[in-house]
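model11.cif follows; it contains mmCIF, C-alpha atoms.
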```cif
data_coords
loop_
_atom_site.label_atom_id
_atom_site.label_comp_id
_atom_site.auth_asym_id
_atom_site.auth_seq_id
_atom_site.Cartn_x
_atom_site.Cartn_y
_atom_site.Cartn_z
CA MET A 17 28.56 74.82 20.26
CA ARG A 18 26.75 72.01 22.02
CA PHE A 19 27.36 70.64 25.47
CA LEU A 20 26.45 67.58 27.49
CA THR A 21 24.35 68.12 30.58
CA ALA A 22 26.12 67.51 33.88
CA ALA A 23 25.15 64.26 35.59
CA LEU A 24 24.11 64.27 39.21
CA ALA A 25 26.42 61.87 41.02
CA ALA A 26 24.59 59.30 43.10
CA THR A 27 27.32 57.08 44.55
CA ALA A 28 27.07 58.22 48.14
CA VAL A 29 25.02 56.56 50.86
CA VAL A 30 22.21 58.61 52.37
CA LEU A 31 22.36 59.19 56.11
CA THR A 32 19.32 57.44 57.50
CA THR A 33 16.98 58.07 60.36
CA PRO A 34 15.39 55.29 62.45
CA ALA A 35 12.96 53.17 60.43
CA ALA A 36 9.99 54.30 62.47
CA ALA A 37 10.61 57.89 61.42
CA VAL A 38 10.59 57.15 57.69
CA ALA A 39 7.31 57.84 55.88
CA GLN A 40 5.77 54.64 54.50
CA ASP A 41 3.75 56.37 51.79
CA PRO A 42 6.01 57.48 48.90
CA SER A 43 3.70 60.46 48.31
CA GLU A 44 4.57 61.87 51.74
CA PRO A 45 7.57 64.15 52.30
CA PRO A 46 10.86 62.34 52.96
CA SER A 47 12.28 62.46 56.48
CA ASN A 48 15.89 61.72 55.46
CA PRO A 49 18.36 64.59 55.62
CA SER A 50 19.71 65.95 52.35
CA LEU A 51 23.37 65.39 53.22
CA THR A 52 25.17 62.20 52.24
CA VAL A 53 28.37 60.65 53.54
CA ARG A 54 30.64 57.82 52.54
CA SER A 55 33.67 56.40 54.27
CA GLY A 56 37.20 56.11 52.99
CA ALA A 57 40.83 56.12 54.08
CA SER A 58 42.40 59.36 55.21
CA LYS A 59 45.56 60.33 53.34
CA GLY A 60 46.78 62.03 56.49
CA THR A 61 47.52 65.33 54.77
CA GLY A 62 45.37 67.29 57.19
CA LYS A 63 43.63 69.00 54.28
CA LEU A 64 39.97 69.46 53.39
CA THR A 65 39.39 68.88 49.67
CA PRO A 66 36.31 70.18 47.77
CA ILE A 67 34.73 67.73 45.32
CA ALA A 68 32.07 67.90 42.59
CA GLY A 69 30.05 65.24 40.81
CA ALA A 70 30.88 66.62 37.34
CA ASP A 71 33.63 68.75 35.81
CA ARG A 72 31.10 71.02 34.06
CA VAL A 73 27.50 72.14 34.56
CA VAL A 74 25.20 73.05 31.69
CA ALA A 75 22.38 75.38 32.76
CA PRO A 76 19.79 75.89 29.99
CA LEU A 77 17.87 79.13 29.62
CA GLY A 78 14.10 79.13 29.59
CA VAL A 79 13.51 76.07 31.77
CA ASP A 80 10.91 75.88 34.52
CA PRO A 81 12.34 77.54 37.68
CA ALA A 82 11.18 74.48 39.64
CA CYS A 83 13.82 72.41 37.82
CA PRO A 84 17.12 74.32 37.89
CA ALA A 85 20.48 72.82 36.96
CA LYS A 86 21.77 70.50 39.68
CA LEU A 87 25.09 69.10 40.77
CA GLU A 88 26.38 66.95 43.62
CA ILE A 89 29.03 68.85 45.58
CA GLY A 90 30.96 67.99 48.72
CA MET A 91 34.30 67.75 50.49
CA ARG A 92 36.69 65.06 51.71
CA SER A 93 38.48 65.21 55.04
CA ASP A 94 42.09 64.01 55.04
CA ALA A 95 42.54 65.25 58.59
CA ARG A 96 44.21 63.13 61.26
CA LYS A 97 41.23 63.32 63.63
CA PRO A 98 37.49 64.04 63.43
CA SER A 99 36.51 67.67 63.07
CA TYR A 100 33.86 70.03 61.76
CA ALA A 101 34.42 70.72 58.06
CA THR A 102 33.18 73.84 56.29
CA MET A 103 33.13 74.81 52.62
CA SER A 104 31.79 78.00 51.05
CA VAL A 105 29.85 77.93 47.76
CA GLU A 106 30.01 80.83 45.31
CA VAL A 107 28.59 81.27 41.80
CA THR A 108 29.05 84.09 39.30
CA ALA A 109 26.14 86.58 39.22
CA PRO A 110 23.43 86.72 38.01
CA LEU A 111 23.35 82.96 38.62
CA THR A 112 22.30 81.91 42.12
CA ALA A 113 23.02 78.78 44.15
CA SER A 114 20.71 76.98 46.57
CA ARG A 115 23.30 77.09 49.35
CA SER A 116 26.22 79.36 50.20
CA MET A 117 27.89 77.00 52.66
CA LEU A 118 28.27 73.32 53.41
CA THR A 119 29.30 72.23 56.90
CA SER A 120 29.27 69.00 58.90
CA TYR A 121 31.17 66.85 61.35
CA LEU A 122 33.52 64.52 59.43
CA PRO A 123 35.74 61.62 60.58
CA PRO A 124 39.11 61.28 58.83
CA GLY A 125 38.80 60.04 55.25
CA TYR A 126 35.04 60.59 55.06
CA GLU A 127 33.37 62.48 52.22
CA LEU A 128 30.36 64.75 52.65
CA GLY A 129 27.99 65.41 49.74
CA ALA A 130 24.92 67.53 49.05
CA LYS A 131 22.73 68.46 46.10
CA LEU A 132 23.32 71.97 44.77
CA LEU A 133 20.78 73.77 42.57
CA ILE A 134 21.90 76.56 40.22
CA ALA A 135 19.21 78.97 39.04
CA VAL A 136 19.54 80.99 35.83
CA PRO A 137 17.44 84.19 35.56
CA PRO A 138 15.70 84.40 32.15
CA THR A 139 17.66 87.52 31.12
CA THR A 140 21.07 85.91 31.75
CA PRO A 141 23.41 86.29 28.75
CA GLN A 142 24.66 83.05 27.21
CA GLY A 143 28.22 82.17 28.06
CA GLU A 144 30.48 80.62 30.68
CA TYR A 145 30.19 81.34 34.38
CA ALA A 146 31.88 79.76 37.39
CA LEU A 147 30.95 77.82 40.49
CA ARG A 148 33.64 78.02 43.19
CA LEU A 149 33.86 75.57 46.10
CA LYS A 150 36.22 76.89 48.77
CA THR A 151 37.72 75.16 51.78
CA PRO A 152 40.55 76.65 53.87
CA ASP A 153 42.98 74.48 51.88
CA ARG A 154 41.78 74.61 48.31
CA THR A 155 39.38 76.17 45.78
CA LEU A 156 37.69 74.04 43.14
CA SER A 157 36.27 75.93 40.16
CA VAL A 158 33.55 74.27 38.07
CA PRO A 159 32.53 75.95 34.77
CA VAL A 160 28.82 76.66 34.37
CA GLN A 161 27.76 76.99 30.74
CA VAL A 162 24.53 78.89 30.08
CA VAL A 163 22.97 77.85 26.76
CA THR A 164 19.61 77.96 25.03
CA LEU A 165 17.50 74.81 24.79
CA ASP A 166 18.27 74.55 21.08
CA GLN A 167 22.02 74.55 21.86
CA LEU A 168 21.69 71.81 24.45
CA ASP A 169 23.13 68.44 23.48
CA ASN A 170 20.14 66.24 24.25
CA GLY A 171 21.82 62.96 23.28
CA GLY A 172 18.87 62.18 21.00
CA ASN A 173 16.28 62.68 23.76
CA LEU A 174 13.91 65.27 22.25
CA ALA A 175 12.12 65.77 25.58
CA LEU A 176 15.20 66.84 27.53
CA ARG A 177 14.53 70.08 29.48
CA ARG A 178 11.50 70.90 27.34
CA PRO A 179 8.34 72.46 28.90
CA VAL A 180 6.09 70.04 30.79
CA THR A 181 2.41 70.40 31.71
CA ALA A 182 0.58 68.09 34.13
CA SER A 183 -3.07 67.60 35.06
CA SER A 184 -2.24 68.09 38.76
CA GLN A 185 0.67 68.09 41.22
CA HIS A 186 0.81 66.62 44.72
CA THR A 187 1.62 69.31 47.30
CA ASN A 188 2.92 67.17 50.19
CA ALA A 189 6.49 67.34 48.88
CA ASN A 190 8.48 68.54 45.89
CA TYR A 191 7.05 66.86 42.76
CA PRO A 192 7.52 69.35 39.87
CA PRO A 193 6.23 68.05 36.52
CA CYS A 194 9.31 69.53 34.80
CA SER A 195 11.47 66.96 36.62
CA ILE A 196 10.27 64.20 34.27
CA ALA A 197 12.32 65.88 31.52
CA ASP A 198 15.46 66.82 33.48
CA GLY A 199 17.64 63.94 32.26
CA ASP A 200 17.66 62.04 35.57
CA PRO A 201 15.53 58.87 35.39
CA GLY A 202 16.54 57.63 38.84
CA SER A 203 14.30 57.45 41.91
CA ASN A 204 16.84 58.48 44.57
CA GLY A 205 15.59 62.06 44.58
CA TRP A 206 11.92 61.10 44.94
CA ALA A 207 9.82 63.69 46.85
CA GLY A 208 12.81 66.02 46.68
CA GLY A 209 12.47 67.47 43.20
CA ASN A 210 13.10 64.46 40.99
CA GLY A 211 9.81 62.97 39.87
CA TRP A 212 6.13 63.86 39.44
CA ASN A 213 3.32 62.65 41.70
CA ASP A 214 -0.21 63.72 40.77
CA ALA A 215 -2.71 65.07 43.32
CA THR A 216 -5.75 62.92 42.63
CA SER A 217 -5.58 59.56 44.37
CA ARG A 218 -7.78 56.91 42.70
CA ALA A 219 -9.03 59.41 40.11
CA TRP A 220 -8.13 58.65 36.48
CA PRO A 221 -6.88 59.52 33.98
CA ASP A 222 -3.88 61.68 34.88
CA THR A 223 -1.98 63.38 32.08
CA VAL A 224 1.45 64.88 31.60
CA SER A 225 2.61 66.38 28.30
CA ILE A 226 5.97 67.55 26.97
CA ALA A 227 6.28 70.21 24.27
CA LEU A 228 9.08 69.30 21.85
CA GLY A 229 9.85 72.81 20.58
CA GLY A 230 8.41 72.25 17.11
CA PRO A 231 7.47 69.34 14.83
CA LYS A 232 9.83 66.37 15.22
CA GLN A 233 9.77 62.83 13.87
CA ILE A 234 9.48 60.41 16.79
CA SER A 235 9.20 56.61 17.07
CA ARG A 236 10.03 55.77 20.70
CA VAL A 237 9.07 56.83 24.22
CA ASP A 238 10.74 55.53 27.38
CA LEU A 239 8.88 55.97 30.67
CA TYR A 240 10.48 55.58 34.12
CA THR A 241 8.27 55.17 37.17
CA LEU A 242 9.13 55.23 40.89
CA ASN A 243 11.27 52.20 41.70
CA THR A 244 13.41 51.87 44.86
CA GLU A 245 14.13 49.11 47.34
CA ARG A 246 11.64 50.61 49.79
CA TYR A 247 9.13 51.56 47.10
CA PRO A 248 9.38 49.02 44.24
CA SER A 249 7.56 49.70 40.99
CA SER A 250 5.57 46.49 41.43
CA SER A 251 3.92 48.07 44.50
CA VAL A 252 3.74 51.80 43.76
CA GLY A 253 4.77 52.28 40.13
CA LEU A 254 2.65 53.14 37.11
CA ARG A 255 0.81 50.09 35.71
CA ASP A 256 -1.34 51.17 32.74
CA TRP A 257 -0.92 54.11 30.38
CA ASP A 258 -1.27 55.34 26.81
CA VAL A 259 1.44 57.16 24.88
CA GLN A 260 0.05 59.89 22.66
CA ALA A 261 1.72 62.03 19.99
CA GLY A 262 0.35 65.50 19.33
CA LEU A 263 0.56 67.89 16.41
CA ASN A 264 -1.13 71.29 16.44
CA GLY A 265 -3.25 70.26 19.41
CA GLN A 266 -4.51 67.02 17.88
CA TRP A 267 -3.62 63.82 19.78
CA GLN A 268 -3.28 60.25 18.56
CA THR A 269 -2.47 57.18 20.65
CA VAL A 270 0.71 55.58 19.33
CA ALA A 271 1.39 53.00 22.06
CA GLN A 272 -0.32 51.38 25.06
CA VAL A 273 1.15 49.74 28.15
CA ARG A 274 -0.91 47.46 30.39
CA GLY A 275 -0.06 45.44 33.50
CA ASN A 276 3.41 46.89 33.96
CA THR A 277 5.42 46.11 37.11
CA ALA A 278 8.88 47.22 35.90
CA GLY A 279 10.70 50.45 36.73
CA SER A 280 11.02 51.44 33.07
CA VAL A 281 9.24 50.61 29.82
CA ARG A 282 10.28 51.33 26.24
CA SER A 283 7.45 51.89 23.74
CA ASP A 284 8.34 51.67 20.03
CA PHE A 285 5.88 52.66 17.31
CA ALA A 286 5.71 53.65 13.65
CA ALA A 287 7.37 57.04 13.15
CA VAL A 288 5.06 60.05 13.35
CA THR A 289 5.55 63.81 13.26
CA ALA A 290 4.69 65.46 16.56
CA ASP A 291 5.32 68.70 18.42
CA ALA A 292 4.32 67.21 21.79
CA VAL A 293 4.07 63.90 23.61
CA ARG A 294 1.48 63.06 26.26
CA ILE A 295 1.29 60.25 28.79
CA VAL A 296 -2.27 59.33 29.77
CA ALA A 297 -1.99 57.43 33.06
CA LEU A 298 -4.81 54.96 33.71
CA ALA A 299 -3.79 52.92 36.78
CA SER A 300 -0.95 52.30 39.24
CA ASN A 301 0.14 49.30 41.27
CA GLY A 302 -0.28 50.99 44.65
CA ALA A 303 -3.27 50.73 46.95
CA ASN A 304 -3.59 54.53 47.03
CA ASP A 305 -3.22 54.70 43.22
CA TYR A 306 -1.28 57.84 42.39
CA THR A 307 0.63 58.43 39.17
CA ARG A 308 4.37 58.46 39.85
CA ILE A 309 6.80 59.19 36.99
CA THR A 310 10.48 60.03 37.31
CA GLU A 311 11.36 60.55 33.62
CA VAL A 312 10.00 60.46 30.07
CA GLU A 313 12.39 60.28 27.12
CA VAL A 314 11.31 60.83 23.52
CA ARG A 315 13.31 59.68 20.50
#
```

I'd like the structure from this file rewritten - as structure tokens, please.
Amino acid sequence: MRFLTAALAATAVVLTTPAAAVAQDPSEPPSNPSLTVRSGASKGTGKLTPIAGADRVVAPLGVDPACPAKLEIGMRSDARKPSYATMSVEVTAPLTASRSMLTSYLPPGYELGAKLLIAVPPTTPQGEYALRLKTPDRTLSVPVQVVTLDQLDNGGNLALRRPVTASSQHTNANYPPCSIADGDPGSNGWAGGNGWNDATSRAWPDTVSIALGGPKQISRVDLYTLNTERYPSSSVGLRDWDVQAGLNGQWQTVAQVRGNTAGSVRSDFAAVTADAVRIVALASNGANDYTRITEVEVR
């Protein structure tokens, strides 16, 4: 049986710190807190309701531990006055969660959200487990399906959750190479586990490769680079790169991109058989010239 991966909800607004405290270099660690809030109207029930960004989580076996399954969780206060809200987080063993509790001050009607990571030990049996979000008023149970990579419904993206190898990795924040194949092309989680930043400023080329799990016929690669309001792709995104297809360790260039300023680029080429895809980064738009990639899709 095949399952869709759970999407990480991104509709909330991040709580911000004063502008002077925010790092100006996108390769530096973020100073924003991980919690998010959004306002709404209280229903006046006095209850605290747990919420989740998806009704199911798919957690593949055999993925890089630096890129576990993730889900947006939170709670909504329908209290009549502001108060501190607390929710416990439980997951069926041997799975583990990145937090056991979520707590914050909440005005009536406000929702609190946070990213939750769910780790799957390599010896975990396939099957269905449970994530339980508990407030004093209600328990929300979210199924967690543990599957192999070959059982994962990749939606046609042959790179999804496959092993990734990079030439280097910046150590100032959380830039795991595996995050370019986690199914989340957005830039909102930059420097927090969603996106790869290399470690060699102004030194080229940089490379990142994705093993496809065996020979596959491919004819398209989509690349997403860092692109936010604060850090637009035209200023810090990847500008020039080659797309290479590999088979048995032999690489051939199948597409080239030059002078890019957009947040994403689709490269189409004549179909080839490959067991890996490699991006050879040649230049970026930023003055400090790092390679910044949030996702690579292969079709």

Subject >> the PyMOL selection byres ((chain A and resi 76) around 9) resolved against shown file, as a list in words >> reply: Val74, Ala75, Leu77, Gly78, Val79, Pro84, Ala85, Val136, Gln161, Val162, Val163, Thr164, Leu165, Gln167, Leu168 and Arg177 of chain A

Export, as a PDB file, in the frame of the given file, the selected residues with C-alpha atoms.
```
ATOM      1  CA  VAL A  74      25.200  73.050  31.690  1.00  0.00           C
ATOM      2  CA  ALA A  75      22.380  75.380  32.760  1.00  0.00           C
ATOM      3  CA  LEU A  77      17.870  79.130  29.620  1.00  0.00           C
ATOM      4  CA  GLY A  78      14.100  79.130  29.590  1.00  0.00           C
ATOM      5  CA  VAL A  79      13.510  76.070  31.770  1.00  0.00           C
ATOM      6  CA  PRO A  84      17.120  74.320  37.890  1.00  0.00           C
ATOM      7  CA  ALA A  85      20.480  72.820  36.960  1.00  0.00           C
ATOM      8  CA  VAL A 136      19.540  80.990  35.830  1.00  0.00           C
ATOM      9  CA  GLN A 161      27.760  76.990  30.740  1.00  0.00           C
ATOM     10  CA  VAL A 162      24.530  78.890  30.080  1.00  0.00           C
ATOM     11  CA  VAL A 163      22.970  77.850  26.760  1.00  0.00           C
ATOM     12  CA  THR A 164      19.610  77.960  25.030  1.00  0.00           C
ATOM     13  CA  LEU A 165      17.500  74.810  24.790  1.00  0.00           C
ATOM     14  CA  GLN A 167      22.020  74.550  21.860  1.00  0.00           C
ATOM     15  CA  LEU A 168      21.690  71.810  24.450  1.00  0.00           C
ATOM     16  CA  ARG A 177      14.530  70.080  29.480  1.00  0.00           C
TER      17      ARG A 177
END
```

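The environment of range 213-218 of chain A within 9 Å, counting all atoms listed in the file and disregarding residues fewer than 3 places along the same chain, consists of Ser43, Ala182, Ser183, Ser184, Gln185, His186, Thr187, Asn190, Tyr191, Pro192, Pro193, Ala207, Asp222, Thr223, Ala299, Ser300, Ala303, Asn304, Asp305, Tyr306, Thr307, Arg308, Ile309 and Thr310 of chain A.
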
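Here CA of Gln260 in chain A stands at a distance of 29.6 Å from CA of Asp41 in chain A.
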
**OP:** Kindly provide, as a ChimeraX atom specification, the polymer residues lying within 12 Å of (-4.2, 60.8, 17.0), counting only C-alpha atoms and using the coordinates exactly as they appear in the file.
**Re:** /A:258-271,288-290,292-294

Residues of the last selection are to be written out with C-alpha atoms, as a PDB file, keeping the file's coordinate frame.
```pdb
ATOM      1  CA  ASP A 258      -1.270  55.340  26.810  1.00  0.00           C
ATOM      2  CA  VAL A 259       1.440  57.160  24.880  1.00  0.00           C
ATOM      3  CA  GLN A 260       0.050  59.890  22.660  1.00  0.00           C
ATOM      4  CA  ALA A 261       1.720  62.030  19.990  1.00  0.00           C
ATOM      5  CA  GLY A 262       0.350  65.500  19.330  1.00  0.00           C
ATOM      6  CA  LEU A 263       0.560  67.890  16.410  1.00  0.00           C
ATOM      7  CA  ASN A 264      -1.130  71.290  16.440  1.00  0.00           C
ATOM      8  CA  GLY A 265      -3.250  70.260  19.410  1.00  0.00           C
ATOM      9  CA  GLN A 266      -4.510  67.020  17.880  1.00  0.00           C
ATOM     10  CA  TRP A 267      -3.620  63.820  19.780  1.00  0.00           C
ATOM     11  CA  GLN A 268      -3.280  60.250  18.560  1.00  0.00           C
ATOM     12  CA  THR A 269      -2.470  57.180  20.650  1.00  0.00           C
ATOM     13  CA  VAL A 270       0.710  55.580  19.330  1.00  0.00           C
ATOM     14  CA  ALA A 271       1.390  53.000  22.060  1.00  0.00           C
ATOM     15  CA  VAL A 288       5.060  60.050  13.350  1.00  0.00           C
ATOM     16  CA  THR A 289       5.550  63.810  13.260  1.00  0.00           C
ATOM     17  CA  ALA A 290       4.690  65.460  16.560  1.00  0.00           C
ATOM     18  CA  ALA A 292       4.320  67.210  21.790  1.00  0.00           C
ATOM     19  CA  VAL A 293       4.070  63.900  23.610  1.00  0.00           C
ATOM     20  CA  ARG A 294       1.480  63.060  26.260  1.00  0.00           C
TER      21      ARG A 294
END
```

Original post:
Suppose you want the space between CA of Leu254 in chain A and CA of Leu133 in chain A; what is it in Å?
Top reply: 28.0 Å

**OP:** Output the residue selection produced by the PyMOL selection byres ((chain A and resi 281) around 6) on the file above, formatted as a PyMOL selection string.
**Re:** chain A and resi 238-239+280+282

Export C-alpha atoms of the chosen residues as a short mmCIF file (atom, residue, chain, number, x, y, z; two decimals), in the coordinates of the input?
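Done, and the output landed in result13.cif:
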```
data_model
loop_
_atom_site.label_atom_id
_atom_site.label_comp_id
_atom_site.auth_asym_id
_atom_site.auth_seq_id
_atom_site.Cartn_x
_atom_site.Cartn_y
_atom_site.Cartn_z
CA ASP A 238 10.74 55.53 27.38
CA LEU A 239 8.88 55.97 30.67
CA SER A 280 11.02 51.44 33.07
CA ARG A 282 10.28 51.33 26.24
#
```

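Going from CA of Arg255 in chain A over to CA of Leu298 in chain A, you cover 7.7 Å.
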
Original post:
Taking only C-alpha atoms into account, which of A:Gly279, A:Val312, A:Val158, A:Val53 comes nearest Ser225 in chain A?
Top reply: A:Val312

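For range 108-119 of chain A, the list of residues within 6 Å, based on only C-alpha atoms and with local chain neighbours fewer than 4 positions off taken out, reads Ala101, Thr102, Met103, Ser104, Leu132, Leu133, Ile134, Ala135, Val136, Tyr145 and Ala146 of chain A.
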
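The shortest atom-to-atom distance to Arg154 in chain A, with all atoms listed in the file taken into account, belongs to A:Ile67 out of A:Ala286, A:Gly60, A:Arg246, A:Ile67.
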
Original post:
Using the chain letters and numbers from the file, which residues does the PyMOL selection byres ((chain A and resi 127) around 6) grab, as JSON, numbers by chain?
Top reply: {"A": [53, 54, 91, 92, 126, 128]}

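Among the candidates A:Pro221, A:Pro141, A:Gly208, A:Gly202, the residue lying nearest to Trp257 in chain A is A:Pro221 (atoms considered: only C-alpha atoms).
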
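Nearest to Asp153 in chain A of all the residues A:Ser99, A:Thr181, A:Thr61, A:Thr241 is A:Thr61, counting only C-alpha atoms.
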
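Minimum distance to Val160 in chain A across A:Val73, A:Arg148, A:Val296, A:Glu44 (counting all atoms listed in the file) occurs at A:Val73.
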
**OP:** Return the single residue from A:Ala219, A:Tyr240, A:Lys150, A:Ala130 that is closest to Gly69 in chain A, with distances computed using only C-alpha atoms.
**Re:** A:Ala130

**OP:** Take the point (7.9, 55.7, 22.4) in the file's coordinates, draw a sphere of radius 7 Å around it, and report as a list of chain:residue names every protein, DNA or RNA residue with an atom inside or on it, counting only C-alpha atoms.
**Re:** A:Ser235, A:Arg236, A:Val237, A:Asp238, A:Arg282, A:Ser283, A:Asp284, A:Phe285, A:Val314, A:Arg315

With C-alpha atoms kept, could you save the residues just selected as a compact mmCIF listing (two decimals), in the frame of the given file?
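Below you can see part33.txt, which holds the result:
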```txt
# COMPACT_ATOMS: atom_id res chain seq x y z
CA SER A 235 9.20 56.61 17.07
CA ARG A 236 10.03 55.77 20.70
CA VAL A 237 9.07 56.83 24.22
CA ASP A 238 10.74 55.53 27.38
CA ARG A 282 10.28 51.33 26.24
CA SER A 283 7.45 51.89 23.74
CA ASP A 284 8.34 51.67 20.03
CA PHE A 285 5.88 52.66 17.31
CA VAL A 314 11.31 60.83 23.52
CA ARG A 315 13.31 59.68 20.50
```

Please reconstruct the missing atoms of range 84-108 of chain A (target: N, CA and C atoms) and return them as a PDB file, in the frame of the given file.
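This went into rebuild-v7.pdb:
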```pdb
ATOM      1  N   PRO A  84      15.845  73.697  38.273  1.00  0.00           N
ATOM      2  CA  PRO A  84      17.120  74.320  37.890  1.00  0.00           C
ATOM      3  C   PRO A  84      18.195  73.275  37.635  1.00  0.00           C
ATOM      4  N   ALA A  85      19.342  73.725  37.128  1.00  0.00           N
ATOM      5  CA  ALA A  85      20.480  72.820  36.960  1.00  0.00           C
ATOM      6  C   ALA A  85      20.902  72.311  38.328  1.00  0.00           C
ATOM      7  N   LYS A  86      21.390  71.066  38.394  1.00  0.00           N
ATOM      8  CA  LYS A  86      21.770  70.500  39.680  1.00  0.00           C
ATOM      9  C   LYS A  86      23.096  69.767  39.580  1.00  0.00           C
ATOM     10  N   LEU A  87      23.768  69.706  40.704  1.00  0.00           N
ATOM     11  CA  LEU A  87      25.090  69.100  40.770  1.00  0.00           C
ATOM     12  C   LEU A  87      25.318  68.588  42.186  1.00  0.00           C
ATOM     13  N   GLU A  88      25.967  67.436  42.312  1.00  0.00           N
ATOM     14  CA  GLU A  88      26.380  66.950  43.620  1.00  0.00           C
ATOM     15  C   GLU A  88      27.724  67.592  43.971  1.00  0.00           C
ATOM     16  N   ILE A  89      27.783  68.246  45.109  1.00  0.00           N
ATOM     17  CA  ILE A  89      29.030  68.850  45.580  1.00  0.00           C
ATOM     18  C   ILE A  89      29.379  68.256  46.942  1.00  0.00           C
ATOM     19  N   GLY A  90      30.597  68.488  47.406  1.00  0.00           N
ATOM     20  CA  GLY A  90      30.960  67.990  48.720  1.00  0.00           C
ATOM     21  C   GLY A  90      32.406  68.258  49.052  1.00  0.00           C
ATOM     22  N   MET A  91      32.905  67.589  50.073  1.00  0.00           N
ATOM     23  CA  MET A  91      34.300  67.750  50.490  1.00  0.00           C
ATOM     24  C   MET A  91      34.767  66.479  51.180  1.00  0.00           C
ATOM     25  N   ARG A  92      36.073  66.239  51.096  1.00  0.00           N
ATOM     26  CA  ARG A  92      36.690  65.060  51.710  1.00  0.00           C
ATOM     27  C   ARG A  92      37.676  65.504  52.780  1.00  0.00           C
ATOM     28  N   SER A  93      37.573  64.884  53.940  1.00  0.00           N
ATOM     29  CA  SER A  93      38.480  65.210  55.040  1.00  0.00           C
ATOM     30  C   SER A  93      39.666  64.245  55.039  1.00  0.00           C
ATOM     31  N   ASP A  94      40.858  64.789  54.892  1.00  0.00           N
ATOM     32  CA  ASP A  94      42.090  64.010  55.040  1.00  0.00           C
ATOM     33  C   ASP A  94      42.790  64.397  56.339  1.00  0.00           C
ATOM     34  N   ALA A  95      41.980  64.869  57.295  1.00  0.00           N
ATOM     35  CA  ALA A  95      42.540  65.250  58.590  1.00  0.00           C
ATOM     36  C   ALA A  95      42.965  64.012  59.372  1.00  0.00           C
ATOM     37  N   ARG A  96      43.728  64.239  60.438  1.00  0.00           N
ATOM     38  CA  ARG A  96      44.210  63.130  61.260  1.00  0.00           C
ATOM     39  C   ARG A  96      43.233  62.763  62.365  1.00  0.00           C
ATOM     40  N   LYS A  97      42.229  63.611  62.602  1.00  0.00           N
ATOM     41  CA  LYS A  97      41.230  63.320  63.630  1.00  0.00           C
ATOM     42  C   LYS A  97      39.909  63.947  63.213  1.00  0.00           C
ATOM     43  N   PRO A  98      38.800  63.481  63.786  1.00  0.00           N
ATOM     44  CA  PRO A  98      37.490  64.040  63.430  1.00  0.00           C
ATOM     45  C   PRO A  98      37.416  65.532  63.720  1.00  0.00           C
ATOM     46  N   SER A  99      36.661  66.232  62.875  1.00  0.00           N
ATOM     47  CA  SER A  99      36.510  67.670  63.070  1.00  0.00           C
ATOM     48  C   SER A  99      35.304  68.164  62.285  1.00  0.00           C
ATOM     49  N   TYR A 100      34.905  69.401  62.557  1.00  0.00           N
ATOM     50  CA  TYR A 100      33.860  70.030  61.760  1.00  0.00           C
ATOM     51  C   TYR A 100      34.484  70.612  60.505  1.00  0.00           C
ATOM     52  N   ALA A 101      33.907  70.270  59.353  1.00  0.00           N
ATOM     53  CA  ALA A 101      34.420  70.720  58.060  1.00  0.00           C
ATOM     54  C   ALA A 101      33.457  71.739  57.463  1.00  0.00           C
ATOM     55  N   THR A 102      34.009  72.777  56.876  1.00  0.00           N
ATOM     56  CA  THR A 102      33.180  73.840  56.290  1.00  0.00           C
ATOM     57  C   THR A 102      33.701  74.213  54.918  1.00  0.00           C
ATOM     58  N   MET A 103      32.776  74.390  53.978  1.00  0.00           N
ATOM     59  CA  MET A 103      33.130  74.810  52.620  1.00  0.00           C
ATOM     60  C   MET A 103      32.147  75.886  52.182  1.00  0.00           C
ATOM     61  N   SER A 104      32.653  76.962  51.585  1.00  0.00           N
ATOM     62  CA  SER A 104      31.790  78.000  51.050  1.00  0.00           C
ATOM     63  C   SER A 104      31.479  77.707  49.585  1.00  0.00           C
ATOM     64  N   VAL A 105      30.315  78.164  49.124  1.00  0.00           N
ATOM     65  CA  VAL A 105      29.850  77.930  47.760  1.00  0.00           C
ATOM     66  C   VAL A 105      29.549  79.281  47.126  1.00  0.00           C
ATOM     67  N   GLU A 106      30.202  79.564  46.006  1.00  0.00           N
ATOM     68  CA  GLU A 106      30.010  80.830  45.310  1.00  0.00           C
ATOM     69  C   GLU A 106      29.722  80.553  43.839  1.00  0.00           C
ATOM     70  N   VAL A 107      28.876  81.384  43.225  1.00  0.00           N
ATOM     71  CA  VAL A 107      28.590  81.270  41.800  1.00  0.00           C
ATOM     72  C   VAL A 107      28.530  82.663  41.200  1.00  0.00           C
ATOM     73  N   THR A 108      29.011  82.794  39.968  1.00  0.00           N
ATOM     74  CA  THR A 108      29.050  84.090  39.300  1.00  0.00           C
ATOM     75  C   THR A 108      27.645  84.643  39.087  1.00  0.00           C
TER      76      THR A 108
END
```
